[in-house]
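Engineer: Mind having a look at this structure? Questions to follow.
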Amino acid sequence: MRLVRLVCALVLSLSLSSIVAAQNLGTGLYAFGSFDSRGFDSINLGNLNTHLDIPVFHKAGRGIPFGYDLVYDSLIWQPVSVSGVATWQPVQNFGWLAQTVVMTGYVSYSTHTYVCDWPPPKQGSYYVYDTWVYHDSLGVSHSFSGQLEYDPTGCDTSTSTFTAVATDGSGTTLIATRGASPSATQTIKTRNGASMVVPTAPSSVGSSITDTNGNQVSVSAAGVYTDTLGTPALTVLGAAPSNVTLTYPIALQSDSVTTASATLSYKTYTVQSNFQCSGISEYGAASVALTDKITLADGSIYSFTYEATPGVSGAVTGRLASVTLPTGGTISYSYTNGCSGAGINADGTVGSLTRTTTDGTRTYNL
């Protein structure tokens, strides 16, 4: 049987391929990592990723407590092959974990298209799905070996499902299925026996997590989270560049208010890279809505600024330059060394990171 391989989309999208690569550099707070936790933020000493976690709403539940945090990781750039040329590409949401997958994380995969040309005439295409990665709710990635195949031509053998254990020793299990394409959700089982129906990024379809006693927390495609008691726990409405509101029920107040809301606000920037790493083409310029501030229900505000692009007036790289805390204090970040002193290495890790507060300055080097 002679097969002709097509030049095809190797991943779901450029943004998705960059997600896979950057997350594999080591984002989130993962087991056995080396971190310098400074209270609000944590610095990964292995790659100088800055990790932020802003709690929005937490409540007790039957078996599974409900929690919703906004998580940020600063390793947002990775060289990705675009038409055979290495090009800087950002991760989805420029480091902020997508609001619809905060609870469960998401699964990504690569798509390969092949043409069957025997017997002649050509019988059409069949598809192979591999490079499966589960990105958990803390931003840590777990890779799996295995593939699915969909062959409507009858030229090769279709594989409708496979089960694999993560290669990182975490005990995480993936059960992947497909129809004409992989289904919009996959099943993840954790070491402790919990089962999660997880979306495939960047889809916003519903997901859920179920513990060994059958208690379940779920989220619908409309952004409504339901807790283990079957009651709405939180609703996410809106999308950038407009405000996103996170509304949840509270005990009846004296003014008859029964809900509270947090708000994500955005500001539009020109995002462009100018890292001047040999052999890697630059990104942009592109108009991008970046997270400007997060206002919690009690009025507390976190506000953010972004690194100016070296040598490009009016543009930013999208990497975090500062965060102002509800207390009024500011944490500033600057990036140096690496390619042409731009603060980034050719693999997307940080050259050197300087963290500055009113308490002083600390510089981290790889």
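We name chains A, B, ... following the order of the structure tokens; residues begin at 1 in each chain, and ligands are numbered from 1 as shown.
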Write out as a list in words each polymer residue whose atoms come within 6 Å of region 331-347 of chain A, counting only C-alpha atoms; drop sequence neighbours fewer than 4 positions from it.
Structural biologist: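 Final neighbour list, sorted by chain and number: Phe275, Cys277, Ala321, Ser322, Val323, Gly351, Ser352, Leu353, Thr354, Arg355, Thr356 and Thr357 of chain A.
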Engineer: Near Pro65 (chain A), within 12 Å and counting only C-alpha atoms, which residues show up once chain neighbours fewer than 6 positions away are dropped, as an MDAnalysis selection string?
Structural biologist: chainID A and resid 57:59 103 209:211 215:217 226:229 233
Engineer: Keeping only C-alpha atoms, write those residues as a JSON list (two decimals), in the first residue's frame.
Structural biologist:
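out30.json, written as the output of this step:
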[["chain", "number", "residue", "atom", "x", "y", "z"],
["A", 57, "PHE", "CA", -14.51, 32.35, 44.71],
["A", 58, "HIS", "CA", -14.30, 29.22, 46.84],
["A", 59, "LYS", "CA", -16.97, 27.26, 48.70],
["A", 103, "MET", "CA", -11.57, 24.03, 36.91],
["A", 209, "ILE", "CA", -15.15, 16.48, 37.41],
["A", 210, "THR", "CA", -16.55, 13.50, 39.32],
["A", 211, "ASP", "CA", -15.03, 11.97, 42.45],
["A", 215, "ASN", "CA", -20.10, 13.80, 43.40],
["A", 216, "GLN", "CA", -19.79, 16.08, 40.40],
["A", 217, "VAL", "CA", -18.96, 19.69, 39.58],
["A", 226, "THR", "CA", -22.82, 23.76, 38.91],
["A", 227, "ASP", "CA", -21.62, 22.42, 42.27],
["A", 228, "THR", "CA", -22.04, 18.97, 43.85],
["A", 229, "LEU", "CA", -25.44, 19.97, 45.27],
["A", 233, "ALA", "CA", -22.01, 28.11, 41.85]]
Engineer: Determine, counting only C-alpha atoms, which protein, DNA and RNA residues have an atom within 12 Å of an atom of Gly39 (chain A); residues of the same chain fewer than 6 positions away are not included. Present the result as a PDB file with all heavy atoms, in the first residue's frame.
Structural biologist:
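Output saved as result.pdb:
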ATOM      1  N   HIS A  51       4.657  32.882  38.189  1.00  0.00           N
ATOM      2  CA  HIS A  51       3.315  32.301  38.321  1.00  0.00           C
ATOM      3  C   HIS A  51       2.500  33.118  39.321  1.00  0.00           C
ATOM      4  O   HIS A  51       2.953  33.393  40.435  1.00  0.00           O
ATOM      5  CB  HIS A  51       3.420  30.852  38.805  1.00  0.00           C
ATOM      6  CG  HIS A  51       2.091  30.195  39.024  1.00  0.00           C
ATOM      7  ND1 HIS A  51       1.364  29.626  38.004  1.00  0.00           N
ATOM      8  CD2 HIS A  51       1.352  30.024  40.157  1.00  0.00           C
ATOM      9  CE1 HIS A  51       0.244  29.120  38.494  1.00  0.00           C
ATOM     10  NE2 HIS A  51       0.207  29.357  39.796  1.00  0.00           N
ATOM     11  N   LEU A  52       1.290  33.523  38.902  1.00  0.00           N
ATOM     12  CA  LEU A  52       0.362  34.248  39.767  1.00  0.00           C
ATOM     13  C   LEU A  52      -0.921  33.442  39.902  1.00  0.00           C
ATOM     14  O   LEU A  52      -1.359  32.795  38.951  1.00  0.00           O
ATOM     15  CB  LEU A  52       0.006  35.621  39.184  1.00  0.00           C
ATOM     16  CG  LEU A  52       1.128  36.533  38.691  1.00  0.00           C
ATOM     17  CD1 LEU A  52       0.527  37.831  38.152  1.00  0.00           C
ATOM     18  CD2 LEU A  52       2.122  36.820  39.796  1.00  0.00           C
ATOM     19  N   ASP A  53      -1.546  33.506  41.063  1.00  0.00           N
ATOM     20  CA  ASP A  53      -2.817  32.824  41.293  1.00  0.00           C
ATOM     21  C   ASP A  53      -3.713  33.761  42.096  1.00  0.00           C
ATOM     22  O   ASP A  53      -3.408  34.093  43.238  1.00  0.00           O
ATOM     23  CB  ASP A  53      -2.585  31.514  42.051  1.00  0.00           C
ATOM     24  CG  ASP A  53      -3.832  30.640  42.109  1.00  0.00           C
ATOM     25  OD1 ASP A  53      -4.944  31.200  42.151  1.00  0.00           O
ATOM     26  OD2 ASP A  53      -3.696  29.412  42.124  1.00  0.00           O
ATOM     27  N   ILE A  54      -4.808  34.211  41.472  1.00  0.00           N
ATOM     28  CA  ILE A  54      -5.725  35.148  42.124  1.00  0.00           C
ATOM     29  C   ILE A  54      -7.043  34.435  42.403  1.00  0.00           C
ATOM     30  O   ILE A  54      -7.805  34.128  41.479  1.00  0.00           O
ATOM     31  CB  ILE A  54      -5.967  36.386  41.242  1.00  0.00           C
ATOM     32  CG1 ILE A  54      -4.635  37.094  40.972  1.00  0.00           C
ATOM     33  CG2 ILE A  54      -6.963  37.336  41.899  1.00  0.00           C
ATOM     34  CD1 ILE A  54      -4.738  38.258  40.018  1.00  0.00           C
ATOM     35  N   LEU A 325      -1.025  45.595  43.528  1.00  0.00           N
ATOM     36  CA  LEU A 325      -1.867  44.794  44.405  1.00  0.00           C
ATOM     37  C   LEU A 325      -2.949  45.654  45.058  1.00  0.00           C
ATOM     38  O   LEU A 325      -2.845  46.889  45.087  1.00  0.00           O
ATOM     39  CB  LEU A 325      -0.999  44.130  45.469  1.00  0.00           C
ATOM     40  CG  LEU A 325       0.179  43.300  44.955  1.00  0.00           C
ATOM     41  CD1 LEU A 325       1.014  42.781  46.114  1.00  0.00           C
ATOM     42  CD2 LEU A 325      -0.314  42.156  44.092  1.00  0.00           C
ATOM     43  N   ILE A 331       4.638  45.170  42.271  1.00  0.00           N
ATOM     44  CA  ILE A 331       5.741  44.266  41.948  1.00  0.00           C
ATOM     45  C   ILE A 331       6.088  44.500  40.484  1.00  0.00           C
ATOM     46  O   ILE A 331       5.216  44.410  39.615  1.00  0.00           O
ATOM     47  CB  ILE A 331       5.358  42.795  42.162  1.00  0.00           C
ATOM     48  CG1 ILE A 331       4.838  42.566  43.583  1.00  0.00           C
ATOM     49  CG2 ILE A 331       6.551  41.884  41.884  1.00  0.00           C
ATOM     50  CD1 ILE A 331       4.258  41.180  43.800  1.00  0.00           C
TER      51      ILE A 331
END
Engineer: Determine which residues of region 37-248 of chain A DSSP labels as helix (DSSP H, G or I) from the backbone of this structure, then write them out as a ChimeraX atom specification.
Structural biologist: /A:92-95,99-101
Engineer: Keeping C-alpha atoms, export the residues of the selection given above as a PDB file, in the first residue's frame.
Structural biologist:
ATOM      1  CA  GLN A  92      -3.517  31.405  24.268  1.00  0.00           C
ATOM      2  CA  ASN A  93      -4.722  34.397  26.307  1.00  0.00           C
ATOM      3  CA  PHE A  94      -1.098  35.543  26.689  1.00  0.00           C
ATOM      4  CA  GLY A  95      -0.552  33.475  29.807  1.00  0.00           C
ATOM      5  CA  GLN A  99     -11.892  31.152  32.056  1.00  0.00           C
ATOM      6  CA  THR A 100     -13.940  28.221  30.721  1.00  0.00           C
ATOM      7  CA  VAL A 101     -11.288  25.656  31.700  1.00  0.00           C
TER       8      VAL A 101
END
Engineer: Using DSSP secondary structure from the backbone, list all strand (DSSP E or B) positions within region 28-155 of chain A, as a ChimeraX atom specification.
Structural biologist: /A:35-37,41-44,50-59,66-73,77-82,85-90,96,106-116,124-135,141-144,148-150
Engineer: Which residue out of A:Thr163, A:Ser37, A:Thr212, A:Thr330 has the minimum interatomic distance to Asp359 (chain A) when only C-alpha atoms are used?
Structural biologist: A:Thr330
Engineer: Between A:Ser108, A:Thr309, A:Asn274, A:Thr349, single out the one closest to Asn365 (chain A), counting only C-alpha atoms.
Structural biologist: A:Thr349
Engineer: Using only C-alpha atoms, pick whichever of A:Gly33, A:Gly146, A:Pro232, A:Gly311 has the shortest atom-to-atom distance to Ile175 (chain A).
Structural biologist: A:Gly146
